Amino acid sequence: MEDVNQTGMIYFHFLPFSKLPEVQILIFVAFLVMFLASITGNVSISLIIWLHHSLHTPMYFFLANLAALEICYSSTIAPLTLASILSPERTTISLPGCGAQMFFFILFGSTDCILLAIMAYDRFLAICRPLHYTLIMTWWLCVQLVLGSLVLGFILAVPLTVLIFQLPFCSSKEISLFYCDVLPVIRLACADTWVHEATVFVVSITVLTIPFLLITLSYVFIVATILKIRSAEGRRKAFSTCSSHLTVVLLQYGCGSLIYLCPSSSYSPERGQVVPVVYTFITPVLNPLIYSMRNRELKDALKKAMTRFLLPQTQRVL
């Protein structure tokens with residue numbers, strides 16, 4: 001039986017949020033609403049940026065790509081999570097399926113973090129080097145940076161996923177989370193996982209710490225430059241273009257650090273169950289809200305789009 005299990009006849013199931021059916025239904029509705037809101041918000045931002053030529057700038061190009069990443073990121077986790085909440089006994093995932101979900105989770109999550117660092121660099125050039133901005137931040141460079149972040153995410157995701165799923169898993173087991181995350185899956189292995197946990201820590205340093213340090217360094221120069229601006233309106237405008245990005249950075253990196261930069265011995269299923277909800281369901285909903293509320297140009301474009309959509313409907317009724 002052990003040999004059969006090792007050849008791939010392994011299925012995982014996810015830890016339910018609650019044993020009470022009424023609570024599970026409430027969680028399902030809440031997660032479904034957040035998932036649909038995140039898809040709607042991020043699709044809207046991508047479409048608005050694509051349709052409005054005034055938003056065809058590097059900053060909004062990166063924002064549109066970030067919104068597209070959030071759509072892929074949410075779609076990797078949410079459907080199976082919703083199914084497991086609605087029917088925890090019947091919803092299982094095979095070993096290859098778990099590996100595929102983990103791969104795309106690492107790919108899109110890593111690319112997301114790297115892209116946030118690129119957006120900070122873009123703001124640094126726009127505020128601290130305004131005369132050289134258009135010369136440096138060309139469209140070709142923007143495309144290269146986005147593709148480079150995706151390639152780097154792929155390079156990080158492939159070896160880590162392969163390394164983890166070469167571990168022996170003895171039988172069908174319960175993952176102490178609502179998706180196939182790295183640390184909960186490693187804990188189900190029937191072997192010494194010291195090397196794997198060390199590899200996860202190194203990848204986490206690469207994805208979280210290095211980009212965050214680059215973002216921090218960029219904002220040190222940005223704040224120093226903004227404080228030198230004499231007009232209050234100029235300082236306000238400069239801060240407004242950075243505040244939304246900085247809010248998203250704090251949410252993304254803060255939650256990720258609580259899980260992946262802590263010692264594996266201190267990992268607790270309770271914390272591991274709560275914190276990922278923030279960056280898998282709540283953050284994708286908040287990102288389009290934060291950018292649309294804090295960014296005047298994007299807010300105006302959204303208002304114009306809503307007016308164009310609603311006005312023909314009103315005229316038809318009249």
# chains A, B, ... in the order shown; residues from 1 in each chain; ligands from 1
>>> select_by_dssp(residues="segment 52-220 of chain A", states="strand (DSSP E)", output="PyMOL selection string")
chain A and resi 93-94+173-175
>>> residues_around(residues="Cys142 of chain A", least_positions_apart="5", cutoff="12 Å", atoms="only C-alpha atoms", output="count of residues only")
21
>>> closest_residue(among="A:Tyr179, A:Phe281, A:Tyr291, A:Tyr219", to="Leu32 of chain A", atoms="only C-alpha atoms")
A:Phe281
>>> closest_residue(among="A:Ile290, A:Ala117, A:Leu36, A:Ile93", to="Glu174 of chain A", atoms="only C-alpha atoms")
A:Ile93
>>> closest_residue(among="A:Cys128, A:Leu246, A:Leu86, A:Val185", to="Leu227 of chain A", atoms="only C-alpha atoms")
A:Cys128
>>> select_by_dssp(residues="segment 85-178 of chain A", states="helix (DSSP H, G or I)", output="PyMOL selection string")
chain A and resi 85-86+95-128+133-136+139-164
>>> closest_residue(among="A:Ile106, A:Val151, A:Phe14, A:Ser38", to="Glu89 of chain A", atoms="only C-alpha atoms")
A:Phe14
>>> closest_residue(among="A:Arg123, A:His13, A:His245, A:Lys304", to="Leu289 of chain A", atoms="only C-alpha atoms")
A:His245
